[in-house]
file model-v1.cif (mmCIF, C-alpha atoms)
data_model
#
loop_
_atom_site.label_atom_id
_atom_site.label_comp_id
_atom_site.auth_asym_id
_atom_site.auth_seq_id
_atom_site.Cartn_x
_atom_site.Cartn_y
_atom_site.Cartn_z
CA MET A 112 63.05 90.99 86.48
CA PRO A 113 65.63 93.62 87.53
CA PRO A 114 66.08 94.24 91.25
CA PRO A 115 64.45 97.34 92.74
CA LYS A 116 66.54 100.48 92.81
CA PRO A 117 64.93 103.07 95.07
CA GLY A 118 68.21 104.86 95.71
CA VAL A 119 71.72 104.97 94.32
CA ILE A 120 72.22 101.20 93.94
CA PRO A 121 70.11 98.20 92.95
CA LEU A 122 69.09 96.19 95.99
CA ALA A 123 70.97 93.07 94.93
CA PRO A 124 74.61 91.91 95.00
CA LEU A 125 76.62 94.69 93.41
CA LYS A 126 78.99 94.52 90.47
CA LEU A 127 81.99 96.83 90.13
CA GLY A 128 79.99 99.22 87.94
CA ASP A 129 77.16 99.30 90.49
CA VAL A 130 79.57 100.22 93.28
CA LEU A 131 81.28 102.99 91.31
CA ASN A 132 78.02 104.34 89.88
CA GLY A 133 76.49 104.27 93.35
CA ALA A 134 79.40 106.27 94.75
CA PHE A 135 79.17 108.84 91.96
CA SER A 136 75.38 109.04 92.26
CA THR A 137 75.63 109.62 96.01
CA MET A 138 78.13 112.41 95.45
CA GLY A 139 75.77 113.94 92.87
CA ARG A 140 72.57 113.69 94.88
CA TYR A 141 73.96 114.43 98.32
CA TRP A 142 76.82 116.74 97.41
CA LYS A 143 75.66 119.44 99.81
CA GLN A 144 75.77 117.10 102.78
CA LEU A 145 79.00 115.32 101.81
CA PHE A 146 81.06 118.20 100.49
CA GLY A 147 79.57 120.63 103.00
CA MET A 148 80.62 118.37 105.87
CA ALA A 149 84.07 117.79 104.37
CA ALA A 150 84.61 121.48 103.64
CA ALA A 151 83.54 122.49 107.13
CA LEU A 152 85.75 119.89 108.79
CA TYR A 153 88.89 120.20 106.70
CA GLY A 154 88.49 123.96 106.36
CA GLY A 155 88.04 124.28 110.11
CA ALA A 156 91.06 122.07 110.70
CA ALA A 157 93.13 124.21 108.33
CA LEU A 158 92.08 127.38 110.15
CA VAL A 159 92.89 125.86 113.55
CA MET A 160 96.32 124.74 112.37
CA ALA A 161 96.99 128.07 110.65
CA ALA A 162 96.15 129.95 113.84
CA ALA A 163 98.34 127.57 115.84
CA VAL A 164 101.22 128.05 113.41
CA ALA A 165 100.85 131.83 113.63
CA VAL A 166 100.90 131.72 117.43
CA ALA A 167 103.85 129.32 117.48
CA TYR A 168 105.82 131.36 114.96
CA SER A 169 105.23 134.58 116.84
CA ALA A 170 106.66 132.88 119.92
CA VAL A 171 109.81 131.57 118.21
CA ALA A 172 110.32 134.12 115.41
CA HIS A 173 113.42 135.54 117.11
CA HIS A 174 114.99 132.09 117.35
CA VAL A 175 114.22 131.39 113.68
CA ASP A 176 115.92 134.61 112.63
CA GLU A 177 118.95 133.73 114.75
CA LEU A 178 119.29 130.34 113.08
CA VAL A 179 118.81 131.76 109.58
CA SER A 180 121.45 134.40 110.17
CA LEU A 181 124.13 131.88 111.18
CA GLY A 182 127.24 131.96 109.07
CA TYR A 183 128.93 128.95 107.47
CA GLY A 184 130.48 126.70 110.11
CA GLU A 185 128.70 128.35 113.04
CA ASP A 186 126.90 126.04 115.44
CA PRO A 187 123.38 126.98 116.56
CA ALA A 188 122.87 127.75 120.22
CA SER A 189 120.75 125.34 122.22
CA ALA A 190 118.72 128.31 123.44
CA ASP A 191 117.54 128.78 119.84
CA VAL A 192 117.09 125.10 118.94
CA VAL A 193 115.13 123.90 121.98
CA PRO A 194 112.19 126.35 121.57
CA LEU A 195 111.85 125.31 117.93
CA LEU A 196 111.79 121.62 118.87
CA VAL A 197 109.19 122.25 121.56
CA ALA A 198 107.03 124.31 119.21
CA GLY A 199 107.34 121.66 116.52
CA GLY A 200 106.38 118.89 118.94
CA VAL A 201 103.32 120.81 120.12
CA MET A 202 102.27 121.41 116.52
CA VAL A 203 102.62 117.72 115.67
CA LEU A 204 100.53 116.67 118.66
CA LEU A 205 97.87 119.27 117.87
CA GLY A 206 97.79 118.15 114.25
CA ILE A 207 97.31 114.51 115.29
CA VAL A 208 94.43 115.41 117.58
CA VAL A 209 92.72 117.67 115.05
CA MET A 210 93.05 115.21 112.16
CA SER A 211 91.86 112.34 114.35
CA VAL A 212 88.64 114.20 115.15
CA VAL A 213 88.17 115.34 111.54
CA SER A 214 88.80 111.87 110.15
CA GLY A 215 86.47 110.30 112.69
CA LEU A 216 83.67 112.70 111.78
CA MET A 217 84.15 112.15 108.05
CA TYR A 218 84.28 108.36 108.38
CA ALA A 219 81.04 108.58 110.36
CA ALA A 220 79.32 111.14 108.10
CA VAL A 221 79.71 109.21 104.85
CA PRO A 222 77.91 106.04 106.09
CA ALA A 223 75.27 108.27 107.67
CA VAL A 224 74.53 109.70 104.21
CA LEU A 225 74.65 106.25 102.60
CA GLN A 226 72.00 104.97 105.00
CA GLU A 227 69.53 107.28 103.28
CA ALA A 228 71.07 107.21 99.79
CA VAL A 229 70.60 103.44 99.48
CA LEU A 230 66.86 103.87 100.06
CA GLY A 231 66.56 107.12 98.10
CA ARG A 232 65.61 109.19 101.11
CA PRO A 233 66.49 112.85 101.60
CA VAL A 234 68.68 113.82 104.52
CA VAL A 235 69.58 117.24 105.86
CA PHE A 236 72.98 118.45 106.94
CA ALA A 237 71.93 118.69 110.60
CA THR A 238 70.93 115.04 110.68
CA VAL A 239 74.23 113.95 109.12
CA TRP A 240 76.17 116.03 111.62
CA ARG A 241 74.17 114.66 114.57
CA ARG A 242 74.67 111.05 113.52
CA ALA A 243 78.34 111.57 112.75
CA TRP A 244 78.99 113.22 116.10
CA ALA A 245 77.14 110.44 117.93
CA HIS A 246 79.50 107.83 116.44
CA VAL A 247 82.75 109.79 116.27
CA ALA A 248 84.37 108.23 119.36
CA PRO A 249 83.94 104.54 118.35
CA VAL A 250 84.84 105.39 114.74
CA ILE A 251 88.08 107.01 115.91
CA GLY A 252 88.73 103.93 118.03
CA ALA A 253 88.25 101.64 115.04
CA LEU A 254 90.49 103.84 112.88
CA VAL A 255 93.22 103.91 115.52
CA LEU A 256 93.14 100.13 115.96
CA THR A 257 93.27 99.68 112.20
CA ALA A 258 96.08 102.21 111.81
CA LEU A 259 98.18 100.35 114.36
CA ILE A 260 98.39 97.56 111.81
CA VAL A 261 100.55 99.55 109.42
CA ILE A 262 102.84 101.07 112.04
CA VAL A 263 105.33 98.19 111.99
CA PRO A 264 106.08 98.22 108.24
CA MET A 265 106.08 102.03 108.20
CA VAL A 266 108.60 102.14 111.06
CA LEU A 267 110.77 99.58 109.30
CA ILE A 268 110.68 101.59 106.08
CA ALA A 269 111.68 104.68 108.06
CA VAL A 270 114.56 102.70 109.57
CA ALA A 271 115.73 101.71 106.11
CA PHE A 272 115.47 105.31 104.89
CA ILE A 273 117.49 106.58 107.85
CA GLY A 274 120.04 103.85 107.20
CA VAL A 275 120.41 105.04 103.60
CA ILE A 276 121.00 108.61 104.74
CA ILE A 277 123.56 107.49 107.32
CA SER A 278 125.28 105.38 104.69
CA LEU A 279 125.55 108.32 102.29
CA VAL A 280 126.97 110.55 105.00
CA ALA A 281 129.38 107.83 106.12
CA MET A 282 130.61 107.34 102.55
CA ASP A 283 131.52 111.02 102.40
CA ASP A 284 133.46 110.59 105.65
CA GLY A 285 135.25 107.47 104.39
CA GLY A 286 133.35 104.90 106.48
CA SER A 287 130.14 102.89 106.38
CA GLY A 288 129.29 102.57 110.07
CA GLY A 289 126.37 100.33 110.96
CA SER A 290 124.02 101.68 108.32
CA ALA A 291 124.04 98.43 106.33
CA THR A 292 122.37 96.66 109.26
CA ALA A 293 119.66 99.32 109.47
CA ILE A 294 119.01 99.14 105.73
CA THR A 295 118.81 95.35 105.75
CA LEU A 296 116.57 95.27 108.81
CA GLY A 297 114.26 97.92 107.40
CA VAL A 298 113.92 96.48 103.90
CA VAL A 299 113.59 92.83 104.93
CA GLY A 300 111.25 93.69 107.79
CA ALA A 301 109.03 95.87 105.60
CA LEU A 302 108.84 93.16 102.92
CA ALA A 303 107.93 90.59 105.56
CA THR A 304 105.32 92.63 107.43
CA GLY A 305 103.89 94.67 104.55
CA PRO A 306 101.72 91.90 103.03
CA VAL A 307 100.38 90.95 106.46
CA ALA A 308 99.53 94.60 107.18
CA ALA A 309 97.73 94.92 103.82
CA TRP A 310 95.78 91.71 104.46
CA LEU A 311 94.66 92.89 107.90
CA TRP A 312 93.91 96.40 106.61
CA ILE A 313 91.40 95.06 104.09
CA LYS A 314 89.89 92.67 106.64
CA PHE A 315 89.14 95.60 108.92
CA CYS A 316 88.36 98.27 106.30
CA LEU A 317 84.59 97.96 106.83
CA ALA A 318 84.84 98.67 110.57
CA PRO A 319 83.91 102.40 110.41
CA ALA A 320 80.83 101.56 108.35
CA VAL A 321 79.92 98.82 110.84
CA VAL A 322 80.14 101.33 113.70
CA VAL A 323 77.69 103.70 112.04
CA PHE A 324 75.34 101.20 110.40
CA GLU A 325 75.13 98.77 113.32
CA GLY A 326 76.16 100.82 116.34
CA GLN A 327 79.03 98.48 117.21
CA ARG A 328 81.95 99.35 119.46
CA PRO A 329 85.49 99.46 117.96
CA VAL A 330 86.66 95.91 118.75
CA ALA A 331 83.30 94.39 117.84
CA ALA A 332 83.34 96.41 114.62
CA LEU A 333 86.72 94.95 113.68
CA ARG A 334 85.43 91.42 114.26
CA ARG A 335 82.29 92.16 112.27
CA SER A 336 84.31 93.63 109.39
CA SER A 337 86.53 90.54 109.32
CA GLN A 338 83.42 88.36 109.19
CA LEU A 339 81.93 90.30 106.27
CA VAL A 340 85.18 90.40 104.29
CA HIS A 341 85.76 86.66 104.73
CA GLY A 342 85.66 84.87 101.39
CA ASP A 343 85.77 88.06 99.32
CA TRP A 344 89.13 89.57 100.29
CA TRP A 345 90.61 89.89 96.79
CA ARG A 346 87.51 91.51 95.33
CA ILE A 347 87.29 94.06 98.13
CA PHE A 348 91.03 94.68 97.87
CA GLY A 349 90.79 95.32 94.13
CA ILE A 350 87.79 97.65 94.34
CA THR A 351 89.25 99.54 97.30
CA LEU A 352 92.59 99.96 95.53
CA LEU A 353 90.85 101.12 92.35
CA ALA A 354 88.79 103.68 94.29
CA ALA A 355 91.90 105.00 96.03
CA LEU A 356 93.76 105.34 92.72
CA MET A 357 90.81 107.11 91.09
CA ALA A 358 90.50 109.51 94.02
CA SER A 359 94.24 110.21 94.06
CA ALA A 360 94.27 110.92 90.33
CA ALA A 361 91.26 113.22 90.62
CA GLY A 362 92.82 115.01 93.58
CA TYR A 363 96.06 115.53 91.69
CA VAL A 364 94.24 116.95 88.66
CA ILE A 365 92.22 119.27 90.90
CA GLN A 366 95.30 120.48 92.75
CA MET A 367 97.37 121.30 89.67
CA PRO A 368 95.53 124.52 88.65
CA PHE A 369 95.84 125.90 92.18
CA SER A 370 99.57 125.20 92.21
CA VAL A 371 100.01 126.91 88.85
CA LEU A 372 97.98 129.93 89.91
CA GLY A 373 99.95 130.19 93.13
CA VAL A 374 103.25 130.55 91.24
CA PHE A 375 102.43 134.05 90.02
CA PRO A 376 101.85 135.76 93.39
CA GLY A 377 104.88 133.87 94.69
CA MET A 378 107.08 135.22 91.90
CA ILE A 379 105.77 138.75 92.39
CA GLY A 380 106.30 138.57 96.14
CA THR A 381 109.88 137.30 95.94
CA THR A 382 110.95 140.13 93.63
CA SER A 383 110.46 142.61 96.49
CA LEU A 384 112.92 140.81 98.79
CA ASP A 385 116.28 142.37 99.51
CA ASP A 386 119.62 140.57 99.38
CA ASP A 387 119.42 139.34 102.97
CA PRO A 388 115.72 138.84 103.79
CA SER A 389 114.49 137.67 107.17
CA ALA A 390 112.48 134.49 107.58
CA THR A 391 109.34 136.54 108.22
CA ALA A 392 109.83 138.50 104.99
CA VAL A 393 110.24 135.29 103.00
CA ILE A 394 107.04 133.81 104.47
CA ILE A 395 105.08 136.97 103.66
CA ALA A 396 106.48 137.02 100.12
CA VAL A 397 105.39 133.46 99.36
CA SER A 398 102.09 133.67 101.28
CA GLY A 399 100.09 133.90 98.04
CA TYR A 400 101.58 130.66 96.79
CA LEU A 401 101.01 129.00 100.17
CA VAL A 402 97.34 130.07 100.26
CA ALA A 403 96.70 128.83 96.71
CA THR A 404 98.43 125.54 97.45
CA LEU A 405 96.46 125.04 100.66
CA LEU A 406 93.17 125.73 98.85
CA GLY A 407 94.11 123.18 96.21
CA GLN A 408 94.99 120.64 98.87
CA LEU A 409 91.70 121.32 100.66
CA VAL A 410 89.59 120.70 97.55
CA SER A 411 91.72 117.68 96.65
CA GLN A 412 91.37 116.29 100.16
CA ILE A 413 87.59 116.59 100.04
CA ILE A 414 87.39 114.49 96.85
CA SER A 415 90.11 112.00 97.71
CA THR A 416 88.55 111.35 101.12
CA THR A 417 84.86 111.20 100.26
CA PHE A 418 84.90 108.91 97.23
CA PRO A 419 86.86 105.96 98.73
CA GLN A 420 84.69 106.06 101.84
CA LEU A 421 81.54 105.91 99.72
CA VAL A 422 82.93 102.88 97.89
CA THR A 423 83.81 101.19 101.19
CA GLY A 424 80.35 101.88 102.60
CA LEU A 425 78.72 100.41 99.50
CA LEU A 426 80.96 97.35 99.78
CA TYR A 427 79.63 96.91 103.31
CA VAL A 428 76.05 96.99 102.01
CA ASP A 429 77.01 94.63 99.17
CA ARG A 430 78.54 92.08 101.54
CA ARG A 431 75.43 92.09 103.70
CA MET A 432 73.21 91.61 100.65
CA ARG A 433 75.39 88.71 99.53
CA THR A 434 75.79 86.97 102.89
CA GLU A 435 72.68 87.99 104.84
CA ASP A 436 70.09 88.55 102.08
CA LEU A 437 69.63 92.17 103.09
CA GLY A 438 68.21 93.18 99.69
CA PRO A 439 64.57 92.17 100.32
CA VAL A 440 64.59 93.92 103.70
CA LEU A 441 65.83 97.12 102.10
CA ALA A 442 63.32 96.78 99.26
CA GLN A 443 60.50 96.38 101.77
CA ALA A 444 61.70 99.40 103.70
CA ALA A 445 61.96 101.47 100.53
CA GLY A 446 58.49 100.36 99.45
CA ALA A 447 57.04 101.31 102.80
CA GLN A 448 58.68 104.71 102.60
CA ALA A 449 57.35 105.27 99.07
CA ALA A 450 53.83 104.08 99.97
CA GLY A 451 53.59 106.37 102.98
CA PRO A 452 51.91 105.73 106.33
CA GLN A 453 48.43 105.51 104.78
CA THR A 454 49.10 102.46 102.57
CA ALA A 455 52.35 100.95 103.75
CA GLY A 456 50.69 98.36 105.95
CA ALA A 457 51.35 97.25 109.47
CA THR A 458 54.17 94.86 108.55
CA ALA A 459 56.39 97.42 106.84
CA PRO A 460 59.47 98.46 108.84
CA PRO A 461 58.93 101.95 110.26
CA PRO A 462 61.39 104.78 109.67
CA PRO A 463 64.15 105.38 112.21
CA PRO A 464 63.07 107.14 115.39
CA HIS A 465 63.76 110.76 116.04
CA ALA A 466 65.53 111.89 119.17
CA GLY A 467 63.37 111.24 122.22
CA GLU A 468 61.17 108.58 120.56
CA THR A 469 61.10 104.91 121.43
CA PRO A 470 63.41 103.03 119.05
CA ALA A 471 61.68 100.82 116.52
CA PRO A 472 63.14 98.28 114.11
CA PRO A 473 64.65 100.54 111.45
CA PRO A 474 64.93 99.89 107.72
CA HIS A 475 68.57 101.03 107.58
CA PRO A 476 71.11 98.59 106.14
CA GLY A 477 72.76 98.40 109.53
CA GLY A 478 69.80 96.81 111.25
CA ALA A 479 70.22 98.93 114.40
CA PRO A 480 68.39 102.06 115.49
CA GLN A 481 70.05 105.29 114.50
CA GLU A 482 70.21 108.54 116.38
#
call {"tool": "encode", "arguments": {"input": "model-v1.cif", "output": "structure tokens"}}
result
Amino acid sequence: MPPPKPGVIPLAPLKLGDVLNGAFSTMGRYWKQLFGMAAALYGGAALVMAAAVAVAYSAVAHHVDELVSLGYGEDPASADVVPLLVAGGVMVLLGIVVMSVVSGLMYAAVPAVLQEAVLGRPVVFATVWRRAWAHVAPVIGALVLTALIVIVPMVLIAVAFIGVIISLVAMDDGGSGGSATAITLGVVGALATGPVAAWLWIKFCLAPAVVVFEGQRPVAALRRSSQLVHGDWWRIFGITLLAALMASAAGYVIQMPFSVLGVFPGMIGTTSLDDDPSATAVIIAVSGYLVATLLGQLVSQIISTTFPQLVTGLLYVDRRMRTEDLGPVLAQAAGAQAAGPQTAGATAPPPPPHAGETPAPPPHPGGAPQE
């Protein structure tokens, strides 16, 4: 007898096809909630950063023109360089803050949709937003703690890259300097720490889903994720890697037409430039290409972010069905929802409480009251 399937997946341990089909089905059934949330967040982030760039450029435009107009062999004045460095630093910090909030909301919104998709329940955008916002802080905490894992190998790779650049420059000057040490340290260190970082990354990859499904705090979510991944690391690694590759390929294909379309306004705009254009004139001339490229990146980002998170959320549900026999509980909850309050019976788990109601044992996969 096949397992019940009230929503996007059968309520039994999932195969690879079940996970991928469940992710695609969720995107198909709940595309308004998922893509609407992603478009609002990433589009809003793009507008915030665009406004910040415009303000920053208006403040340092004179300094940019001074640097562009320098002749060969002329050294830039510190009065022109320092404002650019300050503006760039502010933009980087603002970008980190904005993307942290956006990523936290997206990593919280996808499991919030999956909670209903697994049981075949409808969910409105307002509910997804409310649940995502309620969990954004602990989700960001879990993401930050997980991201700290890959800092060491990334820094070492950056050290090796800088060492290569220094070595190339030193060769032109007739010396090698100490770049060989930097290259060796970076390469060897990255090779030594990279596998450990990948191992820990997969162990903690379910933490955002744990935060939303179970209401855990960041550190507890990391421990819970490690517990669920235990004994199934290679399978989760393979499925996660496959989902990331599929999303990257889809994002690249989506972005290509926008890049091609953006070439034409860029070519038309550059033909109107004089022999010695200012930096502002160049930016205006290529603005059409920049807008088309940004739109392509926005659409690509929506796909390449949503799909892997859906796969990870379904892996969380799969691990709980395998290790904690969650399937019958979900089937009972789905049956109670389908039967309705008149025939569901007193023993059926009630739906999650609305804001202001007394929490009752919910039928969500997380096993903790939502909202």
call {"tool": "resolve_selection", "arguments": {"input": "model-v1.cif", "expression": "the PyMOL selection byres ((chain A and resi 216-226) around 7)", "output": "count of residues only"}}
result
26
call {"tool": "resolve_selection", "arguments": {"input": "model-v1.cif", "expression": "the PyMOL selection byres ((chain A and resi 346-360) around 10)", "output": "PyMOL selection string"}}
result
chain A and resi 127+130-131+134+309-310+312-314+316-317+340+342-345+361-366+411-423+426-427+430
call {"tool": "write_last_selection", "arguments": {"input": "model-v1.cif", "atoms": "C-alpha atoms", "output": "PDB file, in the coordinates of the input"}}
result
ATOM      1  CA  LEU A 127      81.990  96.830  90.130  1.00  0.00           C
ATOM      2  CA  VAL A 130      79.570 100.220  93.280  1.00  0.00           C
ATOM      3  CA  LEU A 131      81.280 102.990  91.310  1.00  0.00           C
ATOM      4  CA  ALA A 134      79.400 106.270  94.750  1.00  0.00           C
ATOM      5  CA  ALA A 309      97.730  94.920 103.820  1.00  0.00           C
ATOM      6  CA  TRP A 310      95.780  91.710 104.460  1.00  0.00           C
ATOM      7  CA  TRP A 312      93.910  96.400 106.610  1.00  0.00           C
ATOM      8  CA  ILE A 313      91.400  95.060 104.090  1.00  0.00           C
ATOM      9  CA  LYS A 314      89.890  92.670 106.640  1.00  0.00           C
ATOM     10  CA  CYS A 316      88.360  98.270 106.300  1.00  0.00           C
ATOM     11  CA  LEU A 317      84.590  97.960 106.830  1.00  0.00           C
ATOM     12  CA  VAL A 340      85.180  90.400 104.290  1.00  0.00           C
ATOM     13  CA  GLY A 342      85.660  84.870 101.390  1.00  0.00           C
ATOM     14  CA  ASP A 343      85.770  88.060  99.320  1.00  0.00           C
ATOM     15  CA  TRP A 344      89.130  89.570 100.290  1.00  0.00           C
ATOM     16  CA  TRP A 345      90.610  89.890  96.790  1.00  0.00           C
ATOM     17  CA  ALA A 361      91.260 113.220  90.620  1.00  0.00           C
ATOM     18  CA  GLY A 362      92.820 115.010  93.580  1.00  0.00           C
ATOM     19  CA  TYR A 363      96.060 115.530  91.690  1.00  0.00           C
ATOM     20  CA  VAL A 364      94.240 116.950  88.660  1.00  0.00           C
ATOM     21  CA  ILE A 365      92.220 119.270  90.900  1.00  0.00           C
ATOM     22  CA  GLN A 366      95.300 120.480  92.750  1.00  0.00           C
ATOM     23  CA  SER A 411      91.720 117.680  96.650  1.00  0.00           C
ATOM     24  CA  GLN A 412      91.370 116.290 100.160  1.00  0.00           C
ATOM     25  CA  ILE A 413      87.590 116.590 100.040  1.00  0.00           C
ATOM     26  CA  ILE A 414      87.390 114.490  96.850  1.00  0.00           C
ATOM     27  CA  SER A 415      90.110 112.000  97.710  1.00  0.00           C
ATOM     28  CA  THR A 416      88.550 111.350 101.120  1.00  0.00           C
ATOM     29  CA  THR A 417      84.860 111.200 100.260  1.00  0.00           C
ATOM     30  CA  PHE A 418      84.900 108.910  97.230  1.00  0.00           C
ATOM     31  CA  PRO A 419      86.860 105.960  98.730  1.00  0.00           C
ATOM     32  CA  GLN A 420      84.690 106.060 101.840  1.00  0.00           C
ATOM     33  CA  LEU A 421      81.540 105.910  99.720  1.00  0.00           C
ATOM     34  CA  VAL A 422      82.930 102.880  97.890  1.00  0.00           C
ATOM     35  CA  THR A 423      83.810 101.190 101.190  1.00  0.00           C
ATOM     36  CA  LEU A 426      80.960  97.350  99.780  1.00  0.00           C
ATOM     37  CA  TYR A 427      79.630  96.910 103.310  1.00  0.00           C
ATOM     38  CA  ARG A 430      78.540  92.080 101.540  1.00  0.00           C
TER      39      ARG A 430
END
call {"tool": "residues_around", "arguments": {"input": "model-v1.cif", "residues": "Ala303 in chain A", "least_positions_apart": "5", "cutoff": "12 Å", "atoms": "all atoms listed in the file", "output": "list in words"}}
result
Val263, Pro264, Met265, Leu267, Ile268, Thr295, Leu296, Gly297, Val298, Ala308 and Ala309 of chain A
call {"tool": "resolve_selection", "arguments": {"input": "model-v1.cif", "expression": "the PyMOL selection byres ((chain A and resi 173) around 12)", "output": "ChimeraX atom specification"}}
result
/A:167-172,174-180,190-192,194-195,389-391
call {"tool": "write_last_selection", "arguments": {"input": "model-v1.cif", "atoms": "C-alpha atoms", "output": "PDB file, in the frame of the given file"}}
result
ATOM      1  CA  ALA A 167     103.850 129.320 117.480  1.00  0.00           C
ATOM      2  CA  TYR A 168     105.820 131.360 114.960  1.00  0.00           C
ATOM      3  CA  SER A 169     105.230 134.580 116.840  1.00  0.00           C
ATOM      4  CA  ALA A 170     106.660 132.880 119.920  1.00  0.00           C
ATOM      5  CA  VAL A 171     109.810 131.570 118.210  1.00  0.00           C
ATOM      6  CA  ALA A 172     110.320 134.120 115.410  1.00  0.00           C
ATOM      7  CA  HIS A 174     114.990 132.090 117.350  1.00  0.00           C
ATOM      8  CA  VAL A 175     114.220 131.390 113.680  1.00  0.00           C
ATOM      9  CA  ASP A 176     115.920 134.610 112.630  1.00  0.00           C
ATOM     10  CA  GLU A 177     118.950 133.730 114.750  1.00  0.00           C
ATOM     11  CA  LEU A 178     119.290 130.340 113.080  1.00  0.00           C
ATOM     12  CA  VAL A 179     118.810 131.760 109.580  1.00  0.00           C
ATOM     13  CA  SER A 180     121.450 134.400 110.170  1.00  0.00           C
ATOM     14  CA  ALA A 190     118.720 128.310 123.440  1.00  0.00           C
ATOM     15  CA  ASP A 191     117.540 128.780 119.840  1.00  0.00           C
ATOM     16  CA  VAL A 192     117.090 125.100 118.940  1.00  0.00           C
ATOM     17  CA  PRO A 194     112.190 126.350 121.570  1.00  0.00           C
ATOM     18  CA  LEU A 195     111.850 125.310 117.930  1.00  0.00           C
ATOM     19  CA  SER A 389     114.490 137.670 107.170  1.00  0.00           C
ATOM     20  CA  ALA A 390     112.480 134.490 107.580  1.00  0.00           C
ATOM     21  CA  THR A 391     109.340 136.540 108.220  1.00  0.00           C
TER      22      THR A 391
END
call {"tool": "residues_around", "arguments": {"input": "model-v1.cif", "residues": "Gly155 in chain A", "least_positions_apart": "6", "cutoff": "12 Å", "atoms": "all atoms listed in the file", "output": "short mmCIF file (atom, residue, chain, number, x, y, z; two decimals) with C-alpha atoms, in the coordinates of the input"}}
result
data_model
loop_
_atom_site.label_atom_id
_atom_site.label_comp_id
_atom_site.auth_asym_id
_atom_site.auth_seq_id
_atom_site.Cartn_x
_atom_site.Cartn_y
_atom_site.Cartn_z
CA GLY A 147 79.57 120.63 103.00
CA MET A 148 80.62 118.37 105.87
CA ALA A 149 84.07 117.79 104.37
CA ALA A 161 96.99 128.07 110.65
CA ALA A 162 96.15 129.95 113.84
CA VAL A 209 92.72 117.67 115.05
CA MET A 210 93.05 115.21 112.16
CA VAL A 212 88.64 114.20 115.15
CA VAL A 213 88.17 115.34 111.54
CA LEU A 409 91.70 121.32 100.66
#
call {"tool": "closest_residue", "arguments": {"input": "model-v1.cif", "among": "A:Leu230, A:Gly133, A:Ala150, A:Leu125", "to": "Leu406 in chain A", "atoms": "only C-alpha atoms"}}
result
A:Ala150
